[in-house]
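Colleague: I am attaching a structure below and will ask some questions about it afterwards.
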Amino acid sequence: MSRQEQKQKTRQNIIAGAFQLLNENRTLSAISLREVAREAGIAPTSFYRHFKDMDELGLTLVDEAGLALRQLMRQARRRIASGGGVIDTSVDTFMEFISANSNVFRLLLREHTGTSAAYRLAVSREIQHFTDELSDYIIEQLRIPHDVAVLQAESMVRLVFSAGADALEADTILKNDISERLKRQLRFIQLGSLAYLQIMPDSK
């Protein structure tokens, strides 16, 4: 392994270690550099070869979480292309993500309303990227105007994040109930946007 590859591997270990520490009781501000270094298997001084400080690591974690969300959407699209229903497949894929990556999603939820302005801005930016991708997909699939697609996407994302927050600590039965309710709610929004276009011709 080259020196550059080893450096990249160590950086990823630091990121993974930090996510591992972000359980239901720990926030970004509650974990220390020493804890992250221990989790990553490096000396605390080695941390500074990869990140300026814990704030820079925190912003990187937000970026990684946002990337994971967008990759999730692309995974759902591939499943849909293979014959799955759009809403059912999207929700099922999202709930699988919550179960497998609870700390990643928990980071976005907490820091979106956290005390750090830099983190709040970074999370809002990632959620906006996710919303933009969804609105582009809605325009492509439903052929509806941009402004209506954006409102539909924003409503859907808010619902999905709210349901995701409820599902984080839920048992299997409750998580299934949340998932089924979310699917119905998303269908209400989709049908509502189409009905809106029928009764508001100026929006077409």
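Quick note on naming: the chains in the structure tokens go A, B, ... in the order shown, residues restart at 1 in each chain, and ligands are numbered from 1 in order of appearance.
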Could I get the residues of range 177-202 of chain A with an atom no further than 7 Å from an atom of range 156-169 of chain A, each paired with its nearest atom pair and that distance in Å to one decimal, using only C-alpha atoms, sorted by chain and residue number, as JSON lines?

Modeller:
{"residue": "A:Ile178", "atom": "CA", "partner": "A:Ala163", "partner_atom": "CA", "distance": 6.5}
{"residue": "A:Leu182", "atom": "CA", "partner": "A:Ala163", "partner_atom": "CA", "distance": 6.8}
{"residue": "A:Leu186", "atom": "CA", "partner": "A:Met156", "partner_atom": "CA", "distance": 6.3}

Colleague: Quick one: residues within 10 Å of range 107-111 of chain A, only C-alpha atoms, excluding same-chain residues fewer than 4 positions away - as a PyMOL selection string?

Modeller: chain A and resi 19+22-24+26-29+58+61-63+65-66+102-103+115-124+126-127+161-162+164-165

Colleague: Using only C-alpha atoms, which protein or nucleic acid residues come within 8 Å of Pro44 in chain A? Drop anything in the same chain fewer than 5 positions from it, and give the result as JSON, numbers by chain.

Modeller: {"A": [33, 34, 37, 38]}

Colleague: From the list A:Ala81, A:Ile199, A:Leu174, A:Val91, which residue is nearest Arg187 in chain A when using only C-alpha atoms?

Modeller: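 Once distances to Arg187 in chain A are computed over only C-alpha atoms, the minimum belongs to A:Val91.
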
Colleague: Would you please work out which residue, of A:Ala195, A:Met54, A:Ala30, A:Ile42, is nearest to Ile144 in chain A when using only C-alpha atoms?

Modeller: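 Smallest separation from Ile144 in chain A among the options: A:Ala195.
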
Colleague: Would you mind listing what lies within 8 Å of range 3-13 of chain A as a PyMOL selection string, with only C-alpha atoms counted and same-chain residues fewer than 2 positions away left out?

Modeller: chain A and resi 1+15-17+40-41+50

Colleague: May I have the residues from that selection written out with all heavy atoms, as a short mmCIF file (atom, residue, chain, number, x, y, z; two decimals), in the first residue's frame?

Modeller:
data_model
loop_
_atom_site.label_atom_id
_atom_site.label_comp_id
_atom_site.auth_asym_id
_atom_site.auth_seq_id
_atom_site.Cartn_x
_atom_site.Cartn_y
_atom_site.Cartn_z
N MET A 1 0.84 -1.19 0.00
CA MET A 1 0.00 0.00 0.00
C MET A 1 0.89 1.25 0.00
O MET A 1 1.83 1.36 0.78
CB MET A 1 -0.91 0.00 1.24
CG MET A 1 -1.87 1.17 1.29
SD MET A 1 -2.89 1.16 2.79
CE MET A 1 -3.83 -0.34 2.55
N ILE A 15 -13.02 8.92 10.28
CA ILE A 15 -14.43 9.23 10.00
C ILE A 15 -15.33 8.12 10.53
O ILE A 15 -16.33 8.39 11.21
CB ILE A 15 -14.63 9.43 8.49
CG1 ILE A 15 -13.91 10.71 8.02
CG2 ILE A 15 -16.11 9.51 8.14
CD1 ILE A 15 -13.84 10.87 6.52
N ALA A 16 -14.97 6.87 10.24
CA ALA A 16 -15.77 5.74 10.70
C ALA A 16 -15.79 5.67 12.23
O ALA A 16 -16.83 5.38 12.84
CB ALA A 16 -15.23 4.44 10.11
N GLY A 17 -14.63 5.95 12.85
CA GLY A 17 -14.56 5.93 14.30
C GLY A 17 -15.44 6.99 14.93
O GLY A 17 -16.11 6.73 15.95
N ALA A 40 -10.15 5.08 16.10
CA ALA A 40 -9.51 4.90 14.78
C ALA A 40 -8.21 4.13 14.85
O ALA A 40 -7.63 3.77 13.82
CB ALA A 40 -9.26 6.28 14.14
N GLY A 41 -7.71 3.90 16.08
CA GLY A 41 -6.47 3.15 16.23
C GLY A 41 -5.22 3.95 15.93
O GLY A 41 -4.22 3.41 15.44
N HIS A 50 -4.64 14.84 9.37
CA HIS A 50 -5.81 14.62 8.51
C HIS A 50 -6.88 15.69 8.66
O HIS A 50 -7.59 16.00 7.70
CB HIS A 50 -6.41 13.25 8.84
CG HIS A 50 -5.43 12.13 8.72
ND1 HIS A 50 -5.16 11.50 7.53
CD2 HIS A 50 -4.62 11.54 9.65
CE1 HIS A 50 -4.24 10.55 7.73
NE2 HIS A 50 -3.89 10.56 9.01
#

Colleague: Could you name the residues that touch Glu180 in chain A at 10 Å or less, counting only C-alpha atoms, but leaving out those on the same chain fewer than 4 positions away, as a PDB file with all heavy atoms, in the first residue's frame?

Modeller:
ATOM      1  N   ASP A  88     -43.081   2.810  -2.618  1.00  0.00           N
ATOM      2  CA  ASP A  88     -42.789   1.640  -1.785  1.00  0.00           C
ATOM      3  C   ASP A  88     -41.297   1.342  -1.750  1.00  0.00           C
ATOM      4  O   ASP A  88     -40.711   1.120  -0.681  1.00  0.00           O
ATOM      5  CB  ASP A  88     -43.535   0.413  -2.312  1.00  0.00           C
ATOM      6  CG  ASP A  88     -45.011   0.424  -1.937  1.00  0.00           C
ATOM      7  OD1 ASP A  88     -45.420   1.326  -1.192  1.00  0.00           O
ATOM      8  OD2 ASP A  88     -45.746  -0.461  -2.410  1.00  0.00           O
ATOM      9  N   VAL A  91     -39.258   4.158   0.185  1.00  0.00           N
ATOM     10  CA  VAL A  91     -39.415   4.085   1.643  1.00  0.00           C
ATOM     11  C   VAL A  91     -38.705   2.862   2.204  1.00  0.00           C
ATOM     12  O   VAL A  91     -38.008   2.945   3.228  1.00  0.00           O
ATOM     13  CB  VAL A  91     -40.912   4.085   2.040  1.00  0.00           C
ATOM     14  CG1 VAL A  91     -41.072   3.782   3.532  1.00  0.00           C
ATOM     15  CG2 VAL A  91     -41.544   5.422   1.703  1.00  0.00           C
ATOM     16  N   ASP A  92     -38.850   1.725   1.547  1.00  0.00           N
ATOM     17  CA  ASP A  92     -38.176   0.508   2.023  1.00  0.00           C
ATOM     18  C   ASP A  92     -36.658   0.692   2.033  1.00  0.00           C
ATOM     19  O   ASP A  92     -35.970   0.291   2.983  1.00  0.00           O
ATOM     20  CB  ASP A  92     -38.547  -0.681   1.132  1.00  0.00           C
ATOM     21  CG  ASP A  92     -39.998  -1.121   1.314  1.00  0.00           C
ATOM     22  OD1 ASP A  92     -40.616  -0.724   2.315  1.00  0.00           O
ATOM     23  OD2 ASP A  92     -40.507  -1.847   0.436  1.00  0.00           O
ATOM     24  N   LEU A 174     -43.175  -1.490  15.271  1.00  0.00           N
ATOM     25  CA  LEU A 174     -43.458  -0.057  15.165  1.00  0.00           C
ATOM     26  C   LEU A 174     -42.814   0.523  13.913  1.00  0.00           C
ATOM     27  O   LEU A 174     -43.405   1.372  13.230  1.00  0.00           O
ATOM     28  CB  LEU A 174     -42.965   0.667  16.418  1.00  0.00           C
ATOM     29  CG  LEU A 174     -43.192   2.191  16.448  1.00  0.00           C
ATOM     30  CD1 LEU A 174     -44.665   2.528  16.233  1.00  0.00           C
ATOM     31  CD2 LEU A 174     -42.693   2.769  17.767  1.00  0.00           C
ATOM     32  N   LYS A 175     -41.606   0.073  13.590  1.00  0.00           N
ATOM     33  CA  LYS A 175     -40.921   0.575  12.401  1.00  0.00           C
ATOM     34  C   LYS A 175     -41.715   0.234  11.139  1.00  0.00           C
ATOM     35  O   LYS A 175     -41.818   1.057  10.225  1.00  0.00           O
ATOM     36  CB  LYS A 175     -39.513  -0.019  12.322  1.00  0.00           C
ATOM     37  CG  LYS A 175     -38.615   0.645  11.288  1.00  0.00           C
ATOM     38  CD  LYS A 175     -37.184   0.150  11.393  1.00  0.00           C
ATOM     39  CE  LYS A 175     -36.536   0.597  12.680  1.00  0.00           C
ATOM     40  NZ  LYS A 175     -35.106   0.209  12.760  1.00  0.00           N
ATOM     41  N   ASN A 176     -42.294  -0.953  11.097  1.00  0.00           N
ATOM     42  CA  ASN A 176     -43.124  -1.329   9.950  1.00  0.00           C
ATOM     43  C   ASN A 176     -44.364  -0.449   9.862  1.00  0.00           C
ATOM     44  O   ASN A 176     -44.784  -0.050   8.768  1.00  0.00           O
ATOM     45  CB  ASN A 176     -43.533  -2.803  10.050  1.00  0.00           C
ATOM     46  CG  ASN A 176     -42.380  -3.748   9.768  1.00  0.00           C
ATOM     47  OD1 ASN A 176     -41.408  -3.370   9.118  1.00  0.00           O
ATOM     48  ND2 ASN A 176     -42.479  -4.968  10.252  1.00  0.00           N
ATOM     49  N   ARG A 184     -48.296   5.925   2.719  1.00  0.00           N
ATOM     50  CA  ARG A 184     -49.612   6.522   2.456  1.00  0.00           C
ATOM     51  C   ARG A 184     -49.516   8.041   2.424  1.00  0.00           C
ATOM     52  O   ARG A 184     -50.122   8.699   1.560  1.00  0.00           O
ATOM     53  CB  ARG A 184     -50.607   6.072   3.522  1.00  0.00           C
ATOM     54  CG  ARG A 184     -50.925   4.578   3.486  1.00  0.00           C
ATOM     55  CD  ARG A 184     -51.949   4.199   4.532  1.00  0.00           C
ATOM     56  NE  ARG A 184     -53.248   4.779   4.240  1.00  0.00           N
ATOM     57  CZ  ARG A 184     -54.289   4.732   5.071  1.00  0.00           C
ATOM     58  NH1 ARG A 184     -54.153   4.142   6.261  1.00  0.00           N
ATOM     59  NH2 ARG A 184     -55.440   5.265   4.739  1.00  0.00           N
ATOM     60  N   GLN A 185     -48.770   8.602   3.360  1.00  0.00           N
ATOM     61  CA  GLN A 185     -48.636  10.058   3.403  1.00  0.00           C
ATOM     62  C   GLN A 185     -47.955  10.604   2.150  1.00  0.00           C
ATOM     63  O   GLN A 185     -48.344  11.650   1.614  1.00  0.00           O
ATOM     64  CB  GLN A 185     -47.849  10.461   4.655  1.00  0.00           C
ATOM     65  CG  GLN A 185     -48.616  10.215   5.946  1.00  0.00           C
ATOM     66  CD  GLN A 185     -47.740  10.360   7.179  1.00  0.00           C
ATOM     67  OE1 GLN A 185     -46.538  10.106   7.135  1.00  0.00           O
ATOM     68  NE2 GLN A 185     -48.339  10.751   8.298  1.00  0.00           N
TER      69      GLN A 185
END

Colleague: What residues in range 10-204 of chain A get the DSSP label helix (DSSP H, G or I)? Please answer as a ChimeraX atom specification.

Modeller: /A:10-21,28-30,33-40,44-49,54-81,86-100,102-112,117-142,146-168,172-199,201-203

Colleague: So which residues touch range 146-151 of chain A within 8 Å, counting only C-alpha atoms, skipping near sequence neighbours fewer than 4 positions away, as JSON, numbers by chain?

Modeller: {"A": [131, 132, 135, 136, 138, 139, 155, 193, 203]}

Colleague: Counting only C-alpha atoms, which residue out of A:Gln152, A:Gln141, A:Thr113, A:Gln198 sits closest to Val86 in chain A?

Modeller: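 The closest residue to Val86 in chain A is A:Gln141.
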